[in-house]
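*Asks:* Contents of start.pdb (PDB, C-alpha atoms) are given next:
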```pdb
MODEL        1
ATOM      1  CA  MET A 875       0.000   0.000   0.000
ATOM      2  CA  ILE A 876       0.937   3.636  -0.105
ATOM      3  CA  ARG A 877       3.450   4.774   2.440
ATOM      4  CA  SER A 878       2.732   8.371   3.281
ATOM      5  CA  TYR A 879       5.006  10.986   4.581
ATOM      6  CA  ALA A 880       2.692  12.808   6.971
ATOM      7  CA  VAL A 881       5.350  15.263   7.996
ATOM      8  CA  GLU A 882       5.746  16.729   4.499
ATOM      9  CA  GLY A 883       2.214  15.977   3.342
ATOM     10  CA  LYS A 884       3.588  14.499   0.077
ATOM     11  CA  LEU A 885       4.273  11.116  -1.518
ATOM     12  CA  CYS A 886       7.726  10.235  -2.660
ATOM     13  CA  GLU A 887       8.098   9.332  -6.337
ATOM     14  CA  ASP A 888       8.417   5.596  -5.637
ATOM     15  CA  ASP A 889       5.205   5.559  -3.595
ATOM     16  CA  PHE A 890       3.391   7.547  -6.272
ATOM     17  CA  ASN A 891       4.544   5.134  -8.999
ATOM     18  CA  TYR A 892       3.486   2.161  -6.883
ATOM     19  CA  ALA A 893       0.041   3.700  -6.343
ATOM     20  CA  MET A 894      -0.291   4.481 -10.056
ATOM     21  CA  GLN A 895       0.501   0.870 -10.977
ATOM     22  CA  ASP A 896      -2.244  -0.271  -8.626
ATOM     23  CA  VAL A 897      -4.742   2.203 -10.107
ATOM     24  CA  LYS A 898      -3.809   1.200 -13.682
ATOM     25  CA  ALA A 899      -4.291  -2.462 -12.788
ATOM     26  CA  GLN A 900      -7.745  -1.691 -11.395
ATOM     27  CA  ILE A 901      -8.608   0.236 -14.583
ATOM     28  CA  ASP A 902      -7.495  -2.731 -16.713
ATOM     29  CA  VAL A 903      -9.722  -5.041 -14.683
ATOM     30  CA  GLN A 904     -12.687  -2.716 -15.180
ATOM     31  CA  HIS A 905     -12.031  -2.535 -18.944
ATOM     32  CA  ALA A 906     -12.061  -6.341 -19.043
ATOM     33  CA  VAL A 907     -15.385  -6.385 -17.192
ATOM     34  CA  ILE A 908     -16.835  -3.845 -19.639
ATOM     35  CA  ASN A 909     -15.631  -5.871 -22.626
ATOM     36  CA  ASP A 910     -17.205  -9.022 -21.167
ATOM     37  CA  LEU A 911     -20.502  -7.172 -20.759
ATOM     38  CA  LYS A 912     -20.338  -5.977 -24.375
ATOM     39  CA  PHE A 913     -19.774  -9.571 -25.519
ATOM     40  CA  GLU A 914     -22.743 -10.817 -23.503
ATOM     41  CA  THR A 915     -25.060  -8.180 -25.005
ATOM     42  CA  TYR A 916     -24.012  -8.884 -28.605
ATOM     43  CA  ASP A 917     -27.033  -9.244 -30.875
ATOM     44  CA  TYR A 918     -26.612 -12.789 -32.163
ATOM     45  CA  GLU A 919     -29.981 -12.759 -33.920
ATOM     46  CA  THR A 920     -28.935  -9.820 -36.099
ATOM     47  CA  ALA A 921     -25.601 -11.481 -36.900
ATOM     48  CA  LEU A 922     -27.315 -14.734 -37.872
ATOM     49  CA  ASN A 923     -29.836 -12.894 -40.051
ATOM     50  CA  TYR A 924     -27.005 -11.034 -41.789
ATOM     51  CA  GLY A 925     -25.111 -14.273 -42.403
ATOM     52  CA  GLU A 926     -28.230 -15.926 -43.774
ATOM     53  CA  ALA A 927     -28.822 -12.975 -46.102
ATOM     54  CA  ILE A 928     -25.276 -13.285 -47.444
ATOM     55  CA  LEU A 929     -25.707 -17.011 -48.040
ATOM     56  CA  GLU A 930     -29.002 -16.496 -49.843
ATOM     57  CA  ASN A 931     -27.798 -13.514 -51.914
ATOM     58  CA  THR A 932     -24.165 -14.337 -52.662
ATOM     59  CA  LEU A 933     -24.307 -13.070 -56.239
ATOM     60  CA  GLN A 934     -25.830  -9.747 -55.219
ATOM     61  CA  TYR A 935     -23.168  -9.203 -52.543
ATOM     62  CA  TRP A 936     -20.445 -10.102 -55.049
ATOM     63  CA  ARG A 937     -21.741  -7.626 -57.627
ATOM     64  CA  THR A 938     -21.924  -4.742 -55.166
ATOM     65  CA  ALA A 939     -18.594  -5.408 -53.410
ATOM     66  CA  ASP A 940     -15.441  -3.412 -54.091
ATOM     67  CA  SER A 941     -12.174  -5.207 -54.893
ATOM     68  CA  VAL A 942     -11.042  -5.501 -51.265
ATOM     69  CA  GLN A 943     -14.425  -6.855 -50.176
ATOM     70  CA  LYS A 944     -14.386  -9.308 -53.087
ATOM     71  CA  GLN A 945     -11.019 -10.684 -51.991
ATOM     72  CA  LYS A 946     -12.308 -11.226 -48.454
ATOM     73  CA  PHE A 947     -15.586 -12.634 -49.731
ATOM     74  CA  GLN A 948     -13.755 -15.022 -52.046
ATOM     75  CA  LEU A 949     -11.738 -16.337 -49.093
ATOM     76  CA  LEU A 950     -14.975 -16.797 -47.169
ATOM     77  CA  ILE A 951     -16.355 -19.012 -49.943
ATOM     78  CA  PHE A 952     -13.064 -20.711 -50.960
ATOM     79  CA  PRO A 953     -10.797 -20.675 -47.876
ATOM     80  CA  GLN A 954      -7.983 -22.524 -49.717
ATOM     81  CA  GLY A 955      -8.254 -20.301 -52.771
ATOM     82  CA  ILE A 956      -8.884 -21.339 -56.359
ATOM     83  CA  ALA A 957      -6.141 -23.300 -58.099
ATOM     84  CA  CYS A 958      -5.406 -23.210 -61.830
ATOM     85  CA  ASP A 959      -3.021 -25.455 -63.719
ATOM     86  CA  LYS A 960      -0.513 -24.137 -66.272
ATOM     87  CA  ASN A 961      -3.181 -24.359 -69.001
ATOM     88  CA  GLY A 962      -5.563 -22.141 -67.052
ATOM     89  CA  ILE A 963      -7.904 -24.977 -66.139
ATOM     90  CA  VAL A 964      -9.517 -24.428 -62.764
ATOM     91  CA  GLY A 965      -9.688 -27.396 -60.435
ATOM     92  CA  THR A 966     -12.557 -28.116 -58.102
ATOM     93  CA  PRO A 967     -12.134 -25.629 -55.242
ATOM     94  CA  VAL A 968     -12.729 -26.511 -51.610
ATOM     95  CA  LEU A 969     -15.826 -24.724 -50.327
ATOM     96  CA  SER A 970     -16.098 -23.318 -46.831
ATOM     97  CA  PRO A 971     -18.277 -25.460 -44.568
ATOM     98  CA  LEU A 972     -21.182 -23.002 -44.811
ATOM     99  CA  TYR A 973     -21.218 -23.028 -48.587
ATOM    100  CA  ALA A 974     -20.585 -26.783 -48.718
ATOM    101  CA  VAL A 975     -23.756 -27.378 -46.682
ATOM    102  CA  LEU A 976     -25.672 -24.928 -48.875
ATOM    103  CA  ALA A 977     -24.381 -26.616 -52.056
ATOM    104  CA  ALA A 978     -25.303 -30.073 -50.733
ATOM    105  CA  SER A 979     -28.833 -29.008 -49.812
ATOM    106  CA  THR A 980     -29.316 -27.307 -53.188
ATOM    107  CA  ALA A 981     -28.008 -30.381 -55.047
ATOM    108  CA  SER A 982     -30.273 -32.762 -53.126
ATOM    109  CA  GLU A 983     -33.294 -30.575 -53.914
ATOM    110  CA  SER A 984     -32.482 -30.492 -57.638
ATOM    111  CA  LEU A 985     -32.251 -34.309 -57.782
ATOM    112  CA  LEU A 986     -35.748 -34.785 -56.464
ATOM    113  CA  VAL A 987     -38.266 -36.352 -58.785
ATOM    114  CA  VAL A 988     -41.356 -34.326 -59.524
ATOM    115  CA  PRO A 989     -44.142 -35.716 -57.334
ATOM    116  CA  ARG A 990     -46.685 -37.955 -59.018
ATOM    117  CA  GLY A 991     -49.975 -36.365 -59.959
ATOM    118  CA  VAL A 992     -53.371 -37.976 -60.450
ATOM    119  CA  GLU A 993     -52.676 -39.282 -63.966
ATOM    120  CA  PRO A 994     -53.280 -43.030 -64.556
ATOM    121  CA  LEU A 995     -50.396 -45.466 -64.371
ATOM    122  CA  LEU A 996     -49.156 -46.668 -67.739
ATOM    123  CA  PRO A 997     -47.819 -50.166 -68.307
ATOM    124  CA  GLY A 998     -44.095 -50.478 -68.635
TER
ENDMDL
END
```
Could you show the structure in this file as structure tokens?
*Replies:*
Amino acid sequence: MIRSYAVEGKLCEDDFNYAMQDVKAQIDVQHAVINDLKFETYDYETALNYGEAILENTLQYWRTADSVQKQKFQLLIFPQGIACDKNGIVGTPVLSPLYAVLAASTASESLLVVPRGVEPLLPG
């Protein structure tokens, strides 16, 4: 704790520095508490809705993005990048997990057979 010099009514420089370190440590602790509170009050619903909108409207986001955003967006979709051979032929890129799930669900929907109507069965 702070050693005081009651006779002079002042703190020596060492005591002042020691007290300042203690105050700065308390401030750091309070900043950490504030940051934890900000994390707890983060609006996850808004973030999820935004992510869903990006997944559903990838082409629109791509068209409106600037070059820096496109680079980041491309890494979001293809985290390992897109590889070309020496002839310029693009290999099958690895999709991010989000887009892989989206691609799988879209592919399974497109392979569905049109449901049968009320028409009569034909032999064969």
*Asks:* Expanded to explicit residues, what is the PyMOL selection byres ((chain A and resi 945-962) around 12) for this file, as a count of residues only?
*Replies:* 31
*Asks:* Between CA of Asn891 in chain A and CA of Val907 in chain A, measure the distance and give it in Å to one decimal.
*Replies:*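 Result for CA of Asn891 in chain A versus CA of Val907 in chain A: 24.4 Å, one decimal.
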*Asks:* Can you measure CA of Asn909 in chain A to CA of Asn923 in chain A for me? One decimal in Å is fine.
*Replies:*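 One can read the CA of Asn909 in chain A to CA of Asn923 in chain A distance as 23.6 Å.
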*Asks:* For the atom pair CA of Met894 in chain A and CA of Leu911 in chain A, what is the interatomic distance in Å to one decimal place?
*Replies:*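 We find that CA of Met894 in chain A and CA of Leu911 in chain A lie 25.7 Å from each other.
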*Asks:* When you get a chance, write out N, CA and C atoms for range 888-924 of chain A, as an mmCIF file, in the frame of the given file.
*Replies:*
```
data_model
loop_
_atom_site.group_PDB
_atom_site.id
_atom_site.type_symbol
_atom_site.label_atom_id
_atom_site.label_comp_id
_atom_site.auth_asym_id
_atom_site.auth_seq_id
_atom_site.Cartn_x
_atom_site.Cartn_y
_atom_site.Cartn_z
ATOM 1 N N ASP A 888 8.593 7.047 -5.630
ATOM 2 C CA ASP A 888 8.417 5.596 -5.637
ATOM 3 C C ASP A 888 7.016 5.198 -5.177
ATOM 4 N N ASP A 889 6.544 5.862 -4.090
ATOM 5 C CA ASP A 889 5.205 5.559 -3.595
ATOM 6 C C ASP A 889 4.143 5.960 -4.613
ATOM 7 N N PHE A 890 4.340 7.093 -5.253
ATOM 8 C CA PHE A 890 3.391 7.547 -6.272
ATOM 9 C C PHE A 890 3.344 6.542 -7.427
ATOM 10 N N ASN A 891 4.502 6.102 -7.903
ATOM 11 C CA ASN A 891 4.544 5.134 -8.999
ATOM 12 C C ASN A 891 3.884 3.815 -8.603
ATOM 13 N N TYR A 892 4.114 3.384 -7.366
ATOM 14 C CA TYR A 892 3.486 2.161 -6.883
ATOM 15 C C TYR A 892 1.968 2.313 -6.862
ATOM 16 N N ALA A 893 1.486 3.455 -6.394
ATOM 17 C CA ALA A 893 0.041 3.700 -6.343
ATOM 18 C C ALA A 893 -0.541 3.772 -7.752
ATOM 19 N N MET A 894 0.185 4.373 -8.674
ATOM 20 C CA MET A 894 -0.291 4.481 -10.056
ATOM 21 C C MET A 894 -0.388 3.103 -10.716
ATOM 22 N N GLN A 895 0.563 2.222 -10.435
ATOM 23 C CA GLN A 895 0.501 0.870 -10.977
ATOM 24 C C GLN A 895 -0.751 0.152 -10.479
ATOM 25 N N ASP A 896 -1.065 0.352 -9.210
ATOM 26 C CA ASP A 896 -2.244 -0.271 -8.626
ATOM 27 C C ASP A 896 -3.520 0.283 -9.283
ATOM 28 N N VAL A 897 -3.572 1.575 -9.473
ATOM 29 C CA VAL A 897 -4.742 2.203 -10.107
ATOM 30 C C VAL A 897 -4.875 1.726 -11.555
ATOM 31 N N LYS A 898 -3.760 1.673 -12.287
ATOM 32 C CA LYS A 898 -3.809 1.200 -13.682
ATOM 33 C C LYS A 898 -4.271 -0.251 -13.752
ATOM 34 N N ALA A 899 -3.855 -1.075 -12.813
ATOM 35 C CA ALA A 899 -4.291 -2.462 -12.788
ATOM 36 C C ALA A 899 -5.796 -2.553 -12.545
ATOM 37 N N GLN A 900 -6.307 -1.718 -11.650
ATOM 38 C CA GLN A 900 -7.745 -1.691 -11.395
ATOM 39 C C GLN A 900 -8.516 -1.217 -12.623
ATOM 40 N N ILE A 901 -7.979 -0.256 -13.350
ATOM 41 C CA ILE A 901 -8.608 0.236 -14.583
ATOM 42 C C ILE A 901 -8.643 -0.878 -15.627
ATOM 43 N N ASP A 902 -7.539 -1.616 -15.754
ATOM 44 C CA ASP A 902 -7.495 -2.731 -16.713
ATOM 45 C C ASP A 902 -8.550 -3.785 -16.377
ATOM 46 N N VAL A 903 -8.704 -4.064 -15.098
ATOM 47 C CA VAL A 903 -9.722 -5.041 -14.683
ATOM 48 C C VAL A 903 -11.108 -4.540 -15.068
ATOM 49 N N GLN A 904 -11.371 -3.273 -14.846
ATOM 50 C CA GLN A 904 -12.687 -2.716 -15.180
ATOM 51 C C GLN A 904 -12.926 -2.716 -16.689
ATOM 52 N N HIS A 905 -11.892 -2.454 -17.481
ATOM 53 C CA HIS A 905 -12.031 -2.535 -18.944
ATOM 54 C C HIS A 905 -12.375 -3.966 -19.374
ATOM 55 N N ALA A 906 -11.756 -4.946 -18.726
ATOM 56 C CA ALA A 906 -12.061 -6.341 -19.043
ATOM 57 C C ALA A 906 -13.507 -6.670 -18.699
ATOM 58 N N VAL A 907 -13.988 -6.160 -17.576
ATOM 59 C CA VAL A 907 -15.385 -6.385 -17.192
ATOM 60 C C VAL A 907 -16.323 -5.751 -18.210
ATOM 61 N N ILE A 908 -16.015 -4.540 -18.641
ATOM 62 C CA ILE A 908 -16.835 -3.845 -19.639
ATOM 63 C C ILE A 908 -16.847 -4.626 -20.946
ATOM 64 N N ASN A 909 -15.693 -5.099 -21.386
ATOM 65 C CA ASN A 909 -15.631 -5.871 -22.626
ATOM 66 C C ASN A 909 -16.438 -7.165 -22.519
ATOM 67 N N ASP A 910 -16.402 -7.817 -21.368
ATOM 68 C CA ASP A 910 -17.205 -9.022 -21.167
ATOM 69 C C ASP A 910 -18.691 -8.697 -21.257
ATOM 70 N N LEU A 911 -19.097 -7.566 -20.695
ATOM 71 C CA LEU A 911 -20.502 -7.172 -20.759
ATOM 72 C C LEU A 911 -20.912 -6.887 -22.198
ATOM 73 N N LYS A 912 -20.027 -6.252 -22.972
ATOM 74 C CA LYS A 912 -20.338 -5.977 -24.375
ATOM 75 C C LYS A 912 -20.507 -7.284 -25.136
ATOM 76 N N PHE A 913 -19.685 -8.274 -24.847
ATOM 77 C CA PHE A 913 -19.774 -9.571 -25.519
ATOM 78 C C PHE A 913 -21.101 -10.251 -25.184
ATOM 79 N N GLU A 914 -21.511 -10.167 -23.925
ATOM 80 C CA GLU A 914 -22.743 -10.817 -23.503
ATOM 81 C C GLU A 914 -23.973 -10.166 -24.117
ATOM 82 N N THR A 915 -23.904 -8.875 -24.454
ATOM 83 C CA THR A 915 -25.060 -8.180 -25.005
ATOM 84 C C THR A 915 -25.023 -8.121 -26.526
ATOM 85 N N TYR A 916 -24.109 -8.860 -27.157
ATOM 86 C CA TYR A 916 -24.012 -8.884 -28.605
ATOM 87 C C TYR A 916 -25.299 -9.441 -29.189
ATOM 88 N N ASP A 917 -25.772 -8.849 -30.259
ATOM 89 C CA ASP A 917 -27.033 -9.244 -30.875
ATOM 90 C C ASP A 917 -26.797 -10.390 -31.857
ATOM 91 N N TYR A 918 -26.867 -11.609 -31.342
ATOM 92 C CA TYR A 918 -26.612 -12.789 -32.163
ATOM 93 C C TYR A 918 -27.672 -12.964 -33.247
ATOM 94 N N GLU A 919 -28.900 -12.605 -32.942
ATOM 95 C CA GLU A 919 -29.981 -12.759 -33.920
ATOM 96 C C GLU A 919 -29.706 -11.918 -35.166
ATOM 97 N N THR A 920 -29.259 -10.693 -34.969
ATOM 98 C CA THR A 920 -28.935 -9.820 -36.099
ATOM 99 C C THR A 920 -27.770 -10.392 -36.894
ATOM 100 N N ALA A 921 -26.758 -10.899 -36.213
ATOM 101 C CA ALA A 921 -25.601 -11.481 -36.900
ATOM 102 C C ALA A 921 -26.005 -12.706 -37.711
ATOM 103 N N LEU A 922 -26.856 -13.551 -37.147
ATOM 104 C CA LEU A 922 -27.315 -14.734 -37.872
ATOM 105 C C LEU A 922 -28.168 -14.348 -39.089
ATOM 106 N N ASN A 923 -29.017 -13.348 -38.924
ATOM 107 C CA ASN A 923 -29.836 -12.894 -40.051
ATOM 108 C C ASN A 923 -28.958 -12.326 -41.164
ATOM 109 N N TYR A 924 -27.920 -11.596 -40.798
ATOM 110 C CA TYR A 924 -27.005 -11.034 -41.789
ATOM 111 C C TYR A 924 -26.268 -12.149 -42.526
#
```
